[in-house]
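Structure file upload_29.csv; described as CSV, C-alpha atoms.
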```csv
chain,number,residue,atom,x,y,z
Y,1,PRO,CA,49.5,72.1,12.5
Y,2,GLN,CA,49.1,73.5,9.1
Y,3,GLY,CA,46.5,71.8,6.9
Y,4,GLY,CA,44.6,70.2,9.8
Y,5,PRO,CA,44.3,66.5,10.8
Y,6,PRO,CA,44.5,63.8,8.1
Y,7,PRO,CA,41.2,62.6,6.6
Y,8,PRO,CA,39.7,59.4,8.1
Y,9,PRO,CA,40.5,56.2,6.2
Y,10,ALA,CA,38.0,55.1,3.5
Y,11,PRO,CA,35.5,52.4,4.6
Y,12,PRO,CA,36.3,48.9,3.3
Y,13,PRO,CA,34.5,47.8,0.2
Y,14,PRO,CA,31.3,45.7,0.7
Y,15,PRO,CA,31.8,42.0,0.4
Y,16,ALA,CA,31.2,40.5,-2.9
Y,17,PRO,CA,27.7,38.8,-3.2
Y,18,ALA,CA,27.7,35.1,-2.8
Y,19,PRO,CA,27.4,33.3,-6.1
Y,20,ALA,CA,23.9,32.2,-7.0
Y,21,PRO,CA,23.3,28.5,-6.3
Y,22,ALA,CA,23.3,26.3,-9.3
Y,23,PRO,CA,19.8,25.5,-10.6
Y,24,ALA,CA,18.6,22.2,-9.4
Y,25,PRO,CA,18.4,19.6,-12.1
Y,26,ASP,CA,14.9,18.9,-13.5
Y,27,PRO,CA,13.2,16.1,-11.8
Y,28,PRO,CA,12.8,13.0,-14.0
Y,29,ALA,CA,9.1,13.6,-14.5
Y,30,THR,CA,9.7,17.1,-15.8
Y,31,ALA,CA,12.5,16.0,-18.0
Y,32,ALA,CA,10.4,13.2,-19.5
Y,33,ALA,CA,7.5,15.7,-20.1
Y,34,ALA,CA,9.9,18.1,-21.9
Y,35,ALA,CA,11.2,15.2,-24.1
Y,36,SER,CA,7.6,14.2,-24.9
Y,37,ILE,CA,6.7,17.8,-25.9
Y,38,THR,CA,9.8,18.0,-28.1
Y,39,ALA,CA,9.0,14.7,-29.8
Y,40,ALA,CA,5.3,15.8,-30.3
Y,41,ALA,CA,6.4,19.1,-31.8
Y,42,ARG,CA,8.8,17.3,-34.2
Y,43,PHE,CA,6.0,14.9,-35.2
Y,44,LEU,CA,3.6,17.8,-35.9
Y,45,ARG,CA,6.1,19.7,-37.9
Y,46,GLU,CA,7.0,16.7,-40.0
Y,47,ALA,CA,3.3,15.9,-40.5
Y,48,LYS,CA,2.6,19.5,-41.7
Y,49,GLU,CA,5.6,19.3,-44.1
Y,50,ALA,CA,4.2,16.1,-45.5
Y,51,ASN,CA,0.9,17.9,-46.1
Y,52,SER,CA,-0.9,15.5,-43.6
Y,53,LYS,CA,-4.2,16.1,-42.0
Y,54,LEU,CA,-4.8,16.4,-38.2
Y,55,LEU,CA,-7.5,14.6,-36.2
Y,56,VAL,CA,-8.2,16.1,-32.8
Y,57,MET,CA,-10.3,14.2,-30.2
Y,58,THR,CA,-11.5,16.0,-27.1
Y,59,GLY,CA,-13.8,15.3,-24.1
Y,60,ALA,CA,-15.4,17.0,-21.1
Y,61,GLY,CA,-12.2,17.9,-19.5
Y,62,MET,CA,-11.4,20.2,-22.4
Y,63,SER,CA,-14.0,22.8,-21.3
Y,64,VAL,CA,-13.3,22.8,-17.5
Y,65,MET,CA,-10.7,25.7,-17.8
Y,66,SER,CA,-13.4,27.7,-19.7
Y,67,GLY,CA,-15.8,27.3,-16.8
Y,68,VAL,CA,-17.9,24.4,-17.9
Y,69,PRO,CA,-17.5,21.8,-15.1
Y,70,VAL,CA,-18.0,18.1,-15.5
Y,71,PHE,CA,-20.9,16.5,-13.7
Y,72,ARG,CA,-18.7,13.8,-12.1
Y,73,GLY,CA,-15.6,14.1,-9.9
Y,74,SER,CA,-12.4,12.2,-10.5
Y,75,ASP,CA,-13.6,9.6,-8.0
Y,76,GLY,CA,-16.9,9.1,-10.0
Y,77,SER,CA,-19.1,11.0,-7.5
Y,78,MET,CA,-21.8,13.2,-8.9
Y,79,SER,CA,-21.3,17.0,-8.5
Y,80,GLU,CA,-23.4,19.0,-6.1
Y,81,ASP,CA,-24.9,21.0,-9.0
Y,82,PHE,CA,-26.1,17.8,-10.6
Y,83,LEU,CA,-27.4,16.3,-7.3
Y,84,LYS,CA,-29.5,19.5,-6.9
Y,85,PHE,CA,-31.2,19.0,-10.2
Y,86,LEU,CA,-31.5,15.2,-9.7
Y,87,GLY,CA,-33.3,16.0,-6.4
Y,88,GLY,CA,-35.8,18.3,-8.0
Y,89,TYR,CA,-36.4,15.8,-10.8
Y,90,ASN,CA,-37.0,13.0,-8.4
Y,91,ALA,CA,-39.4,15.1,-6.3
Y,92,ALA,CA,-41.5,15.5,-9.5
Y,93,ARG,CA,-41.4,11.8,-10.2
Y,94,ARG,CA,-42.5,11.0,-6.7
Y,95,ARG,CA,-45.5,13.3,-7.1
Y,96,ALA,CA,-46.4,11.5,-10.3
Y,97,GLY,CA,-46.0,8.0,-8.8
Y,98,LEU,CA,-43.0,7.3,-10.9
Y,99,GLU,CA,-39.8,5.4,-10.1
Y,100,GLU,CA,-36.9,7.7,-9.0
Y,101,ALA,CA,-33.6,8.1,-10.9
Y,102,ASN,CA,-30.5,7.4,-9.0
Y,103,ASP,CA,-27.8,8.4,-11.5
Y,104,TRP,CA,-27.1,10.2,-14.7
Y,105,PHE,CA,-27.8,7.1,-16.7
Y,106,ASN,CA,-31.5,6.9,-15.7
Y,107,PHE,CA,-31.9,10.7,-15.5
Y,108,SER,CA,-30.7,11.7,-18.9
Y,109,VAL,CA,-33.4,9.7,-20.8
Y,110,SER,CA,-36.2,10.8,-23.2
Y,111,ASP,CA,-38.8,10.2,-20.5
Y,112,MET,CA,-37.5,13.2,-18.6
Y,113,PHE,CA,-39.3,15.4,-21.1
Y,114,LYS,CA,-42.7,13.8,-20.5
Y,115,LYS,CA,-45.3,16.1,-19.0
Y,116,PRO,CA,-44.8,15.0,-15.3
Y,117,THR,CA,-41.1,16.0,-15.3
Y,118,GLU,CA,-40.6,18.3,-18.3
Y,119,LYS,CA,-40.3,21.5,-16.1
Y,120,GLU,CA,-37.6,19.8,-13.9
Y,121,ALA,CA,-35.9,18.5,-17.0
Y,122,TRP,CA,-35.7,22.0,-18.4
Y,123,HIS,CA,-34.4,23.3,-15.0
Y,124,TYR,CA,-31.4,21.2,-15.7
Y,125,TRP,CA,-31.0,21.9,-19.4
Y,126,ARG,CA,-31.5,25.6,-18.9
Y,127,TRP,CA,-28.5,25.5,-16.5
Y,128,ARG,CA,-26.5,23.5,-19.0
Y,129,MET,CA,-27.2,25.9,-21.9
Y,130,LEU,CA,-26.6,29.1,-20.0
Y,131,ARG,CA,-23.4,27.9,-18.3
Y,132,ALA,CA,-21.9,27.0,-21.7
Y,133,LEU,CA,-22.1,30.6,-22.8
Y,134,VAL,CA,-18.4,31.2,-22.0
Y,135,GLU,CA,-15.3,32.3,-23.8
Y,136,PRO,CA,-12.9,29.5,-24.8
Y,137,ALA,CA,-10.0,29.4,-22.3
Y,138,GLU,CA,-6.2,29.1,-22.9
Y,139,ASP,CA,-6.4,25.4,-23.8
Y,140,TYR,CA,-8.8,26.1,-26.7
Y,141,ARG,CA,-6.7,29.1,-27.8
Y,142,LEU,CA,-3.6,26.9,-27.9
Y,143,LEU,CA,-5.3,24.2,-29.8
Y,144,GLN,CA,-6.6,26.8,-32.2
Y,145,ARG,CA,-3.0,27.9,-32.9
Y,146,LEU,CA,-2.3,24.3,-33.9
Y,147,VAL,CA,-5.4,24.4,-36.2
Y,148,ASP,CA,-4.2,27.6,-37.8
Y,149,TYR,CA,-0.7,26.1,-38.2
Y,150,PHE,CA,-2.0,23.2,-40.1
Y,151,GLY,CA,-4.7,25.2,-41.9
Y,152,PRO,CA,-8.4,25.0,-40.9
Y,153,SER,CA,-9.2,22.8,-43.9
Y,154,ASN,CA,-6.6,20.2,-42.8
Y,155,VAL,CA,-7.9,19.7,-39.2
Y,156,PHE,CA,-11.0,17.7,-38.1
Y,157,VAL,CA,-12.2,17.7,-34.5
Y,158,VAL,CA,-14.2,14.9,-33.0
Y,159,THR,CA,-15.6,15.9,-29.5
Y,160,SER,CA,-18.0,14.4,-27.0
Y,161,ASN,CA,-18.7,18.0,-25.8
Y,162,CYS,CA,-22.0,19.7,-26.6
Y,163,ASP,CA,-20.9,23.3,-25.8
Y,164,MET,CA,-19.8,24.4,-29.2
Y,165,LEU,CA,-16.6,25.9,-27.8
Y,166,HIS,CA,-14.4,24.5,-30.6
Y,167,GLU,CA,-16.5,26.6,-33.1
Y,168,ARG,CA,-16.4,29.6,-30.8
Y,169,ALA,CA,-12.6,29.2,-30.6
Y,170,GLY,CA,-12.4,29.4,-34.4
Y,171,THR,CA,-12.6,25.9,-35.8
Y,172,PRO,CA,-15.0,25.8,-38.8
Y,173,ALA,CA,-18.3,24.2,-37.9
Y,174,GLU,CA,-18.1,21.9,-40.9
Y,175,ASN,CA,-14.8,20.5,-39.4
Y,176,VAL,CA,-16.3,19.7,-36.0
Y,177,LEU,CA,-18.2,16.5,-35.3
Y,178,GLU,CA,-20.1,16.7,-32.0
Y,179,ILE,CA,-20.7,13.0,-31.4
Y,180,HIS,CA,-23.1,13.6,-28.5
Y,181,GLY,CA,-25.0,16.4,-30.2
Y,182,SER,CA,-25.1,20.1,-29.6
Y,183,LEU,CA,-26.7,22.5,-27.1
Y,184,GLY,CA,-27.0,25.0,-29.9
Y,185,ARG,CA,-30.0,23.2,-31.4
Y,186,VAL,CA,-33.3,21.9,-30.1
Y,187,GLN,CA,-35.9,19.5,-31.4
Y,188,CYS,CA,-39.3,18.1,-30.6
Y,189,SER,CA,-39.0,15.7,-27.7
Y,190,GLU,CA,-41.6,13.4,-29.3
Y,191,LEU,CA,-40.0,13.7,-32.8
Y,192,CYS,CA,-43.2,15.0,-34.5
Y,193,CYS,CA,-40.8,16.1,-37.2
Y,194,GLY,CA,-37.1,16.1,-38.0
Y,195,THR,CA,-36.7,19.8,-37.7
Y,196,LEU,CA,-33.7,21.2,-35.7
Y,197,PHE,CA,-34.3,24.6,-34.3
Y,198,PRO,CA,-31.3,26.9,-33.6
Y,199,VAL,CA,-30.9,28.2,-30.1
Y,200,ASP,CA,-30.9,31.9,-30.8
Y,201,GLU,CA,-30.5,34.9,-28.5
Y,202,ALA,CA,-34.3,35.2,-28.1
Y,203,PHE,CA,-34.5,31.6,-26.9
Y,204,LEU,CA,-31.5,32.2,-24.5
Y,205,GLN,CA,-33.1,35.3,-23.1
Y,206,ARG,CA,-36.3,33.5,-22.2
Y,207,LEU,CA,-34.2,30.9,-20.4
Y,208,ARG,CA,-32.5,33.7,-18.4
Y,209,ASP,CA,-35.8,35.6,-17.7
Y,210,GLU,CA,-38.2,32.7,-17.0
Y,211,PRO,CA,-36.6,29.9,-14.8
Y,212,ASP,CA,-39.7,27.7,-15.2
Y,213,TRP,CA,-40.2,28.2,-18.9
Y,214,VAL,CA,-40.7,24.9,-20.9
Y,215,PRO,CA,-40.3,25.6,-24.6
Y,216,ARG,CA,-43.0,24.0,-26.8
Y,217,CYS,CA,-42.4,22.5,-30.2
Y,218,PRO,CA,-43.8,25.0,-32.7
Y,219,MET,CA,-44.8,22.2,-35.1
Y,220,CYS,CA,-47.1,20.1,-32.8
Y,221,ASN,CA,-47.7,22.7,-30.1
Y,222,ASP,CA,-47.9,19.9,-27.6
Y,223,ALA,CA,-44.6,18.2,-26.7
Y,224,CYS,CA,-41.8,20.3,-25.3
Y,225,LEU,CA,-38.6,20.8,-27.1
Y,226,ARG,CA,-35.4,19.2,-26.0
Y,227,PRO,CA,-31.7,19.8,-26.7
Y,228,ASN,CA,-30.3,18.0,-29.7
Y,229,VAL,CA,-28.1,15.8,-27.6
Y,230,VAL,CA,-27.9,12.0,-27.1
Y,231,ARG,CA,-30.3,10.5,-24.6
Y,232,LEU,CA,-29.6,7.3,-22.8
Y,233,TRP,CA,-31.6,4.0,-22.2
Y,234,PRO,CA,-34.5,3.6,-21.9
Y,235,SER,CA,-34.8,6.2,-24.6
Y,236,THR,CA,-36.6,5.2,-27.8
Y,237,HIS,CA,-35.7,8.4,-29.6
Y,238,PRO,CA,-32.5,9.0,-31.5
Y,239,ALA,CA,-30.5,12.2,-30.8
Y,240,SER,CA,-31.4,13.8,-34.2
```

Encoded form using structure tokens:
Amino acid sequence: PQGGPPPPPAPPPPPAPAPAPAPAPDPPATAAAAASITAAARFLREAKEANSKLLVMTGAGMSVMSGVPVFRGSDGSMSEDFLKFLGGYNAARRRAGLEEANDWFNFSVSDMFKKPTEKEAWHYWRWRMLRALVEPAEDYRLLQRLVDYFGPSNVFVVTSNCDMLHERAGTPAENVLEIHGSLGRVQCSELCCGTLFPVDEAFLQRLRDEPDWVPRCPMCNDACLRPNVVRLWPSTHPAS
């Protein structure tokens, strides 16, 4: 017949997509955390508007994200890194006929810098100094935004960390109190003088290049230097 057969019927339209499921309500813990963050933000805003100052207190966990691990696990056990240095230190003490250390609290003492164990002591502190040469991670950057929000002169940081990451993140050095001392300075282990020597790039390069290097005090030319950090009992020497 004229005009040919009729065209085939059009295919049916595709089915409408199923509606997306309603989002699950926040679990109670998440909702509580969000409420706490909101309350903290309100408190900080009100404090700034009242021209208040901000005191920040931090500890070892602050630097973990930056790559500076703590020497103890959450269960109190000593890290494998620390146990390695403790083993070398104790081997030197055995050779010298000295009592061994069994924990941080009788390892990190002034006697570790005496002649029989000064090299092993510096094996540990060399590692501590070099591993602290990292860039501040996101937690430091977020804290620095808060410092900038209040104004650097209105924020004071008290930290038990010795890695100087608060300063590296941008907080003025004069507004940071490192209550356990700083790895950025060294001093005579026998306190022949009160001089604090800065740890400069030349010092760090020798640590990198000479694993057994024991830095000597330039004032007495006898005792080794040690980091300007707190020593524990039975230390008879203050940290600075």

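Reported to one decimal place, the separation of CA of Gly59 (chain Y) from CA of Glu100 (chain Y) is 28.6 Å.
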
Taking 6 positions as the minimum chain separation for residues in the same chain, which residues sit within 10 Å of Ala96 (chain Y) when counting all atoms listed in the file? Answer as an NGL selection string.
:Y and (90 or 115-117)

Taking all atoms listed in the file into account, which of Y:Leu196, Y:Ala121, Y:Val147, Y:Leu191 comes nearest Val214 (chain Y)?
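Among the listed residues, Y:Ala121 lies closest to Val214 (chain Y).
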
Exercise: Arg93 (chain Y) partners within 12 Å, all atoms listed in the file, chain neighbours under 6 positions left out, as a list of chain:residue names
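Those residues are Y:Leu86, Y:Gly87, Y:Glu99, Y:Glu100, Y:Ala101, Y:Asn102, Y:Phe107, Y:Asp111, Y:Met112, Y:Phe113, Y:Lys114, Y:Lys115, Y:Pro116, Y:Thr117, Y:Glu118, Y:Lys119, Y:Glu120, Y:Ala121.
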
Selected residue of minimal separation from Gly67 (chain Y) among Y:Leu177, Y:Val134, Y:Leu142, Y:Cys193, counting all atoms listed in the file
Y:Val134

Gap from CA of Pro198 (chain Y) to CA of Val186 (chain Y) - Å, one decimal
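Between these atoms lies a distance of 6.4 Å.
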
Go through Y:Leu54, Y:Ala91, Y:Ile37, Y:Ile179 and flag the residue nearest Leu146 (chain Y), using only C-alpha atoms for the distances.
Y:Leu54

Using CA of Cys192 (chain Y) and CA of Cys220 (chain Y) as the two end points, give the distance in Å to one decimal.
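CA of Cys220 (chain Y) lies at a distance of 6.6 Å from CA of Cys192 (chain Y).
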
Counting all atoms listed in the file, the residue of Y:Met164, Y:Asp209, Y:Asn51, Y:Ser63 that sits nearest Ala137 (chain Y)
Y:Ser63

Nearby residues (only C-alpha atoms) at most 12 Å from Gly73 (chain Y), same-chain spacing under 5 positions excluded, as JSON, numbers by chain:
{"Y": [60, 61, 64, 78, 79, 80, 81, 82]}

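Of the listed residues (Y:Phe85, Y:Phe156, Y:Trp127, Y:Phe105), Y:Phe156 comes nearest to Glu178 (chain Y); the distances count all atoms listed in the file.
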
Ranking Y:Phe150, Y:Trp104, Y:Trp125, Y:Tyr89 by minimum distance to Ser182 (chain Y) and counting all atoms listed in the file, which one comes first?
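Among Y:Phe150, Y:Trp104, Y:Trp125, Y:Tyr89, it is Y:Trp125 that comes nearest to Ser182 (chain Y).
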